[in-house]
>>> print(open('coords_12.cif').read())   # mmCIF, N, CA and C atoms
data_entry
loop_
_atom_site.label_atom_id
_atom_site.label_comp_id
_atom_site.auth_asym_id
_atom_site.auth_seq_id
_atom_site.Cartn_x
_atom_site.Cartn_y
_atom_site.Cartn_z
N MET A 1 -16.08 13.06 -11.58
CA MET A 1 -15.38 12.50 -10.44
C MET A 1 -15.15 13.62 -9.43
N LYS A 2 -15.29 13.29 -8.17
CA LYS A 2 -15.15 14.29 -7.12
C LYS A 2 -13.75 14.34 -6.52
N TYR A 3 -13.10 13.20 -6.40
CA TYR A 3 -11.77 13.21 -5.79
C TYR A 3 -10.72 12.43 -6.57
N LEU A 4 -11.12 11.54 -7.44
CA LEU A 4 -10.16 10.91 -8.34
C LEU A 4 -9.92 11.84 -9.52
N THR A 5 -8.77 11.73 -10.11
CA THR A 5 -8.47 12.50 -11.31
C THR A 5 -8.09 11.53 -12.43
N PHE A 6 -8.23 12.00 -13.64
CA PHE A 6 -7.85 11.20 -14.79
C PHE A 6 -6.37 10.85 -14.71
N GLU A 7 -5.54 11.77 -14.25
CA GLU A 7 -4.09 11.52 -14.13
C GLU A 7 -3.80 10.43 -13.11
N LEU A 8 -4.51 10.43 -11.98
CA LEU A 8 -4.32 9.37 -10.98
C LEU A 8 -4.72 8.01 -11.56
N ILE A 9 -5.83 7.98 -12.25
CA ILE A 9 -6.31 6.71 -12.84
C ILE A 9 -5.31 6.21 -13.89
N LYS A 10 -4.84 7.12 -14.71
CA LYS A 10 -3.86 6.77 -15.74
C LYS A 10 -2.59 6.19 -15.11
N ALA A 11 -2.14 6.80 -14.03
CA ALA A 11 -0.94 6.31 -13.34
C ALA A 11 -1.20 4.96 -12.69
N GLN A 12 -2.36 4.81 -12.05
CA GLN A 12 -2.70 3.53 -11.40
C GLN A 12 -2.70 2.38 -12.40
N LEU A 13 -3.24 2.63 -13.58
CA LEU A 13 -3.35 1.59 -14.59
C LEU A 13 -2.09 1.46 -15.46
N ARG A 14 -1.15 2.37 -15.25
CA ARG A 14 0.11 2.39 -16.02
C ARG A 14 -0.14 2.47 -17.51
N LEU A 15 -1.01 3.41 -17.88
CA LEU A 15 -1.34 3.59 -19.28
C LEU A 15 -0.52 4.72 -19.87
N ASP A 16 -0.11 4.57 -21.12
CA ASP A 16 0.56 5.69 -21.78
C ASP A 16 -0.52 6.67 -22.25
N ASP A 17 -0.09 7.82 -22.70
CA ASP A 17 -1.04 8.88 -23.07
C ASP A 17 -2.02 8.44 -24.14
N ALA A 18 -1.52 7.69 -25.15
CA ALA A 18 -2.40 7.26 -26.25
C ALA A 18 -3.46 6.29 -25.76
N GLN A 19 -3.07 5.33 -24.93
CA GLN A 19 -4.05 4.37 -24.38
C GLN A 19 -5.08 5.09 -23.53
N ALA A 20 -4.61 5.95 -22.67
CA ALA A 20 -5.52 6.66 -21.75
C ALA A 20 -6.48 7.54 -22.52
N GLU A 21 -5.99 8.22 -23.52
CA GLU A 21 -6.84 9.10 -24.33
C GLU A 21 -7.91 8.29 -25.07
N ALA A 22 -7.51 7.14 -25.60
CA ALA A 22 -8.46 6.31 -26.35
C ALA A 22 -9.58 5.77 -25.45
N GLU A 23 -9.29 5.59 -24.17
CA GLU A 23 -10.27 5.01 -23.26
C GLU A 23 -10.73 5.99 -22.18
N GLN A 24 -10.56 7.27 -22.42
CA GLN A 24 -10.86 8.26 -21.38
C GLN A 24 -12.29 8.18 -20.86
N ALA A 25 -13.27 8.06 -21.73
CA ALA A 25 -14.67 8.01 -21.28
C ALA A 25 -14.90 6.81 -20.38
N LEU A 26 -14.34 5.67 -20.75
CA LEU A 26 -14.49 4.46 -19.94
C LEU A 26 -13.81 4.63 -18.59
N LEU A 27 -12.61 5.20 -18.58
CA LEU A 27 -11.88 5.38 -17.34
C LEU A 27 -12.58 6.35 -16.40
N VAL A 28 -13.16 7.40 -16.94
CA VAL A 28 -13.92 8.35 -16.12
C VAL A 28 -15.15 7.65 -15.53
N MET A 29 -15.82 6.82 -16.33
CA MET A 29 -16.97 6.07 -15.82
C MET A 29 -16.54 5.15 -14.68
N TYR A 30 -15.42 4.44 -14.85
CA TYR A 30 -14.91 3.58 -13.77
C TYR A 30 -14.58 4.41 -12.53
N GLY A 31 -14.04 5.59 -12.73
CA GLY A 31 -13.72 6.46 -11.59
C GLY A 31 -14.97 6.90 -10.85
N ASP A 32 -15.98 7.32 -11.60
CA ASP A 32 -17.25 7.72 -10.97
C ASP A 32 -17.86 6.56 -10.20
N ALA A 33 -17.86 5.37 -10.80
CA ALA A 33 -18.44 4.19 -10.15
C ALA A 33 -17.66 3.81 -8.89
N ALA A 34 -16.34 3.91 -8.95
CA ALA A 34 -15.51 3.57 -7.80
C ALA A 34 -15.77 4.53 -6.64
N GLU A 35 -15.83 5.82 -6.95
CA GLU A 35 -16.11 6.80 -5.90
C GLU A 35 -17.47 6.54 -5.26
N GLU A 36 -18.47 6.32 -6.09
CA GLU A 36 -19.83 6.07 -5.59
C GLU A 36 -19.86 4.80 -4.74
N THR A 37 -19.17 3.77 -5.18
CA THR A 37 -19.14 2.51 -4.43
C THR A 37 -18.50 2.69 -3.06
N VAL A 38 -17.36 3.36 -3.02
CA VAL A 38 -16.68 3.58 -1.74
C VAL A 38 -17.58 4.38 -0.80
N LEU A 39 -18.19 5.44 -1.27
CA LEU A 39 -19.05 6.26 -0.41
C LEU A 39 -20.28 5.48 0.04
N ASN A 40 -20.84 4.65 -0.83
CA ASN A 40 -21.99 3.82 -0.44
C ASN A 40 -21.58 2.82 0.64
N ILE A 41 -20.43 2.21 0.49
CA ILE A 41 -19.96 1.25 1.49
C ILE A 41 -19.75 1.94 2.83
N LEU A 42 -19.23 3.15 2.78
CA LEU A 42 -19.00 3.91 4.01
C LEU A 42 -20.29 4.41 4.64
N ALA A 43 -21.37 4.42 3.87
CA ALA A 43 -22.65 5.01 4.30
C ALA A 43 -22.44 6.48 4.65
N ARG A 44 -21.65 7.16 3.81
CA ARG A 44 -21.36 8.58 3.99
C ARG A 44 -21.43 9.28 2.63
N SER A 45 -21.68 10.56 2.68
CA SER A 45 -21.60 11.36 1.46
C SER A 45 -20.19 11.94 1.35
N TYR A 46 -19.86 12.41 0.18
CA TYR A 46 -18.56 13.07 -0.03
C TYR A 46 -18.43 14.25 0.91
N GLU A 47 -19.50 15.01 1.06
CA GLU A 47 -19.50 16.18 1.94
C GLU A 47 -19.27 15.78 3.39
N ASP A 48 -19.86 14.66 3.82
CA ASP A 48 -19.65 14.16 5.19
C ASP A 48 -18.17 13.87 5.42
N VAL A 49 -17.55 13.18 4.47
CA VAL A 49 -16.14 12.83 4.60
C VAL A 49 -15.29 14.10 4.69
N LEU A 50 -15.57 15.08 3.85
CA LEU A 50 -14.80 16.33 3.89
C LEU A 50 -15.01 17.06 5.21
N GLU A 51 -16.23 17.05 5.71
CA GLU A 51 -16.53 17.74 6.97
C GLU A 51 -15.78 17.08 8.13
N ILE A 52 -15.73 15.77 8.15
CA ILE A 52 -15.09 15.04 9.25
C ILE A 52 -13.57 15.09 9.16
N TYR A 53 -13.01 14.86 7.97
CA TYR A 53 -11.56 14.70 7.81
C TYR A 53 -10.87 15.90 7.17
N GLY A 54 -11.63 16.84 6.65
CA GLY A 54 -11.04 18.02 6.04
C GLY A 54 -10.60 17.83 4.60
N LYS A 55 -10.45 16.61 4.19
CA LYS A 55 -10.08 16.24 2.82
C LYS A 55 -10.43 14.77 2.64
N MET A 56 -10.34 14.29 1.43
CA MET A 56 -10.57 12.88 1.19
C MET A 56 -9.32 12.13 1.65
N PRO A 57 -9.44 11.25 2.65
CA PRO A 57 -8.27 10.52 3.13
C PRO A 57 -7.60 9.73 2.02
N THR A 58 -6.29 9.71 2.05
CA THR A 58 -5.50 9.02 1.03
C THR A 58 -5.89 7.55 0.93
N THR A 59 -6.21 6.93 2.05
CA THR A 59 -6.57 5.52 2.02
C THR A 59 -7.85 5.29 1.21
N LEU A 60 -8.79 6.23 1.26
CA LEU A 60 -10.02 6.09 0.49
C LEU A 60 -9.76 6.34 -1.00
N VAL A 61 -8.85 7.23 -1.29
CA VAL A 61 -8.45 7.44 -2.69
C VAL A 61 -7.80 6.16 -3.22
N GLN A 62 -6.91 5.56 -2.41
CA GLN A 62 -6.26 4.33 -2.82
C GLN A 62 -7.29 3.21 -3.03
N ALA A 63 -8.25 3.09 -2.13
CA ALA A 63 -9.29 2.07 -2.28
C ALA A 63 -10.08 2.28 -3.57
N SER A 64 -10.39 3.53 -3.86
CA SER A 64 -11.13 3.84 -5.10
C SER A 64 -10.32 3.48 -6.33
N LEU A 65 -9.03 3.77 -6.30
CA LEU A 65 -8.16 3.42 -7.42
C LEU A 65 -8.07 1.90 -7.59
N MET A 66 -8.10 1.17 -6.49
CA MET A 66 -8.10 -0.29 -6.58
C MET A 66 -9.36 -0.78 -7.29
N LEU A 67 -10.50 -0.17 -7.00
CA LEU A 67 -11.74 -0.55 -7.68
C LEU A 67 -11.67 -0.24 -9.16
N VAL A 68 -11.11 0.91 -9.51
CA VAL A 68 -10.94 1.25 -10.92
C VAL A 68 -10.08 0.20 -11.60
N ASP A 69 -8.99 -0.20 -10.95
CA ASP A 69 -8.09 -1.19 -11.52
C ASP A 69 -8.80 -2.52 -11.73
N VAL A 70 -9.56 -2.97 -10.74
CA VAL A 70 -10.29 -4.24 -10.87
C VAL A 70 -11.30 -4.14 -12.02
N SER A 71 -12.00 -3.02 -12.11
CA SER A 71 -12.97 -2.84 -13.20
C SER A 71 -12.30 -2.84 -14.56
N TYR A 72 -11.16 -2.20 -14.65
CA TYR A 72 -10.44 -2.12 -15.91
C TYR A 72 -9.87 -3.48 -16.33
N GLN A 73 -9.30 -4.20 -15.36
CA GLN A 73 -8.66 -5.48 -15.67
C GLN A 73 -9.68 -6.59 -15.93
N HIS A 74 -10.86 -6.49 -15.31
CA HIS A 74 -11.88 -7.53 -15.41
C HIS A 74 -13.17 -6.90 -15.94
N ARG A 75 -13.21 -6.64 -17.21
CA ARG A 75 -14.33 -5.93 -17.81
C ARG A 75 -15.57 -6.79 -17.98
N SER A 76 -15.42 -8.09 -17.85
CA SER A 76 -16.55 -9.00 -18.02
C SER A 76 -17.04 -9.47 -16.66
N PRO A 77 -18.27 -9.94 -16.59
CA PRO A 77 -18.75 -10.50 -15.33
C PRO A 77 -17.91 -11.70 -14.91
N VAL A 78 -17.87 -11.94 -13.63
CA VAL A 78 -17.10 -13.06 -13.10
C VAL A 78 -17.81 -14.37 -13.44
N SER A 79 -17.05 -15.33 -13.87
CA SER A 79 -17.58 -16.67 -14.15
C SER A 79 -16.71 -17.69 -13.43
N ALA A 80 -17.09 -18.93 -13.50
CA ALA A 80 -16.31 -20.00 -12.85
C ALA A 80 -14.88 -20.04 -13.39
N GLN A 81 -14.71 -19.70 -14.66
CA GLN A 81 -13.37 -19.71 -15.26
C GLN A 81 -12.57 -18.45 -14.95
N ASN A 82 -13.26 -17.39 -14.54
CA ASN A 82 -12.61 -16.10 -14.32
C ASN A 82 -13.00 -15.55 -12.96
N MET A 83 -12.59 -16.21 -11.90
CA MET A 83 -12.94 -15.77 -10.55
C MET A 83 -11.97 -14.68 -10.10
N SER A 84 -12.50 -13.56 -9.69
CA SER A 84 -11.67 -12.51 -9.13
C SER A 84 -12.52 -11.68 -8.18
N ILE A 85 -11.89 -11.20 -7.14
CA ILE A 85 -12.57 -10.34 -6.20
C ILE A 85 -11.67 -9.15 -5.92
N VAL A 86 -12.24 -8.15 -5.30
CA VAL A 86 -11.45 -7.00 -4.90
C VAL A 86 -10.50 -7.47 -3.81
N PRO A 87 -9.24 -7.09 -3.87
CA PRO A 87 -8.27 -7.57 -2.88
C PRO A 87 -8.67 -7.22 -1.44
N TYR A 88 -8.24 -8.07 -0.51
CA TYR A 88 -8.51 -7.87 0.92
C TYR A 88 -8.01 -6.51 1.39
N THR A 89 -6.96 -6.01 0.78
CA THR A 89 -6.43 -4.69 1.13
C THR A 89 -7.52 -3.63 1.05
N PHE A 90 -8.43 -3.76 0.11
CA PHE A 90 -9.54 -2.81 -0.03
C PHE A 90 -10.32 -2.72 1.28
N ASP A 91 -10.66 -3.87 1.87
CA ASP A 91 -11.37 -3.87 3.15
C ASP A 91 -10.58 -3.15 4.23
N LEU A 92 -9.29 -3.42 4.29
CA LEU A 92 -8.45 -2.78 5.30
C LEU A 92 -8.41 -1.26 5.15
N LEU A 93 -8.49 -0.80 3.93
CA LEU A 93 -8.41 0.64 3.68
C LEU A 93 -9.70 1.36 4.06
N ILE A 94 -10.84 0.76 3.78
CA ILE A 94 -12.09 1.51 3.97
C ILE A 94 -12.78 1.29 5.31
N LYS A 95 -12.57 0.16 5.95
CA LYS A 95 -13.32 -0.14 7.17
C LYS A 95 -13.17 0.90 8.28
N PRO A 96 -12.01 1.50 8.49
CA PRO A 96 -11.93 2.51 9.56
C PRO A 96 -12.83 3.73 9.33
N TYR A 97 -13.27 3.94 8.11
CA TYR A 97 -14.06 5.12 7.77
C TYR A 97 -15.56 4.83 7.68
N MET A 98 -15.94 3.57 7.87
CA MET A 98 -17.34 3.20 7.74
C MET A 98 -18.16 3.77 8.89
N ARG A 99 -19.32 4.29 8.55
CA ARG A 99 -20.25 4.77 9.56
C ARG A 99 -20.90 3.56 10.21
N LEU A 100 -20.81 3.51 11.51
CA LEU A 100 -21.41 2.40 12.24
C LEU A 100 -22.69 2.89 12.89
N SER A 101 -23.79 2.29 12.50
CA SER A 101 -25.09 2.66 13.05
C SER A 101 -25.99 1.45 13.01
N GLU A 102 -27.12 1.54 13.67
CA GLU A 102 -28.09 0.45 13.67
C GLU A 102 -28.55 0.15 12.25
N THR A 103 -28.79 1.19 11.46
CA THR A 103 -29.24 1.00 10.08
C THR A 103 -28.18 0.26 9.28
N ASN A 104 -26.93 0.68 9.41
CA ASN A 104 -25.84 0.05 8.68
C ASN A 104 -25.67 -1.40 9.11
N ALA A 105 -25.81 -1.68 10.39
CA ALA A 105 -25.69 -3.05 10.88
C ALA A 105 -26.76 -3.94 10.28
N ASN A 106 -27.99 -3.42 10.16
CA ASN A 106 -29.06 -4.20 9.56
C ASN A 106 -28.78 -4.48 8.09
N GLN A 107 -28.25 -3.51 7.39
CA GLN A 107 -27.92 -3.70 5.98
C GLN A 107 -26.82 -4.73 5.81
N ASN A 108 -25.87 -4.77 6.77
CA ASN A 108 -24.77 -5.72 6.66
C ASN A 108 -25.24 -7.16 6.76
N ASN A 109 -26.41 -7.38 7.36
CA ASN A 109 -26.92 -8.74 7.42
C ASN A 109 -27.25 -9.28 6.04
N SER A 110 -27.66 -8.42 5.13
CA SER A 110 -28.04 -8.88 3.80
C SER A 110 -26.97 -8.61 2.75
N ASN A 111 -25.98 -7.78 3.09
CA ASN A 111 -24.96 -7.41 2.12
C ASN A 111 -23.68 -7.17 2.87
N GLN A 112 -22.58 -7.75 2.45
CA GLN A 112 -21.33 -7.67 3.16
C GLN A 112 -20.92 -6.25 3.50
N TYR A 113 -21.15 -5.29 2.59
CA TYR A 113 -20.68 -3.94 2.81
C TYR A 113 -21.77 -2.97 3.22
N GLY A 114 -23.02 -3.36 3.25
CA GLY A 114 -24.07 -2.43 3.62
C GLY A 114 -24.28 -1.36 2.58
N CYS A 115 -24.10 -1.69 1.32
CA CYS A 115 -24.29 -0.72 0.23
C CYS A 115 -25.74 -0.33 0.12
N LYS A 116 -25.96 0.90 -0.30
CA LYS A 116 -27.32 1.38 -0.54
C LYS A 116 -27.94 0.59 -1.69
N ASN A 117 -29.21 0.35 -1.58
CA ASN A 117 -29.93 -0.25 -2.72
C ASN A 117 -30.16 0.84 -3.75
N LEU A 118 -29.76 0.58 -4.96
CA LEU A 118 -29.90 1.59 -6.02
C LEU A 118 -31.15 1.37 -6.80
#
>>> encode(input="coords_12.cif", output="structure tokens")
Amino acid sequence: MKYLTFELIKAQLRLDDAQAEAEQALLVMYGDAAEETVLNILARSYEDVLEIYGKMPTTLVQASLMLVDVSYQHRSPVSAQNMSIVPYTFDLLIKPYMRLSETNANQNNSNQYGCKNL
């Protein structure tokens, strides 16, 4: 993880030390995935964000923690019986940091966030 920490994730999920320790590998994977997702949505690299803002903005850290929480709480794929989405607050947190370009606009036509194809 580049900007999330295990301690932040543990606090976000309200896990005690024993729970967090037992699931540390999973939580780190969720943290890595959340960071990658946020940066892909922004169409920026971690280095770009640091160059522009001098540090990782708190709002982007919060958005990443929200993704970790959603991943942790909903470990299974979404089905008709288990509908959940990332809260609207996530959009509010990341949109001011999104790179706006012709390329990104074209990607948004096929994907709500303009994520990179992996």
>>> residues_around(input="coords_12.cif", residues="Tyr97 (chain A)", least_positions_apart="4", cutoff="8 Å", atoms="only N, CA and C atoms", output="list in words")
Ile41, Leu42, Ala43, Arg44, Leu92 and Leu93 of chain A
>>> residues_around(input="coords_12.cif", residues="Ala11 (chain A)", least_positions_apart="5", cutoff="10 Å", atoms="only C-alpha atoms", output="list in words")
Thr5, Phe6, Asp16, Ala20 and Leu65 of chain A
>>> atom_distance(input="coords_12.cif", atom1="CA of Asp69 (chain A)", atom2="CA of Ile9 (chain A)")
8.2 Å
>>> closest_residue(input="coords_12.cif", among="A:Phe90, A:Arg75, A:Lys95, A:Ser64", to="Asp32 (chain A)", atoms="only C-alpha atoms")
A:Ser64
>>> closest_residue(input="coords_12.cif", among="A:Leu50, A:Glu35, A:Leu13, A:Tyr30", to="Ser71 (chain A)", atoms="only N, CA and C atoms")
A:Tyr30
>>> atom_distance(input="coords_12.cif", atom1="atom N of Glu21 (chain A)", atom2="CA of Thr37 (chain A)")
23.9 Å
>>> atom_distance(input="coords_12.cif", atom1="CA of Ile94 (chain A)", atom2="atom N of Tyr53 (chain A)")
14.0 Å
>>> residues_near_point(input="coords_12.cif", point="(-9.1, 13.8, -1.4)", cutoff="12 Å", atoms="only C-alpha atoms", output="VMD selection string")
chain A and resid 1 to 5 8 35 46 to 47 49 to 51 53 to 64
>>> residues_around(input="coords_12.cif", residues="Val68 (chain A)", least_positions_apart="5", cutoff="6 Å", atoms="only N, CA and C atoms", output="ChimeraX atom specification")
/A:30-31,34,73
>>> write_last_selection(input="coords_12.cif", atoms="N, CA and C atoms", output="CSV table (one decimal), in the coordinates of the input")
chain,number,residue,atom,x,y,z
A,30,TYR,N,-15.4,4.4,-14.8
A,30,TYR,CA,-14.9,3.6,-13.8
A,30,TYR,C,-14.6,4.4,-12.5
A,31,GLY,N,-14.0,5.6,-12.7
A,31,GLY,CA,-13.7,6.5,-11.6
A,31,GLY,C,-15.0,6.9,-10.8
A,34,ALA,N,-16.3,3.9,-9.0
A,34,ALA,CA,-15.5,3.6,-7.8
A,34,ALA,C,-15.8,4.5,-6.6
A,73,GLN,N,-9.3,-4.2,-15.4
A,73,GLN,CA,-8.7,-5.5,-15.7
A,73,GLN,C,-9.7,-6.6,-15.9
>>> closest_residue(input="coords_12.cif", among="A:Ile52, A:Ser45, A:Asn40, A:Ala33", to="Leu67 (chain A)", atoms="only C-alpha atoms")
A:Ala33
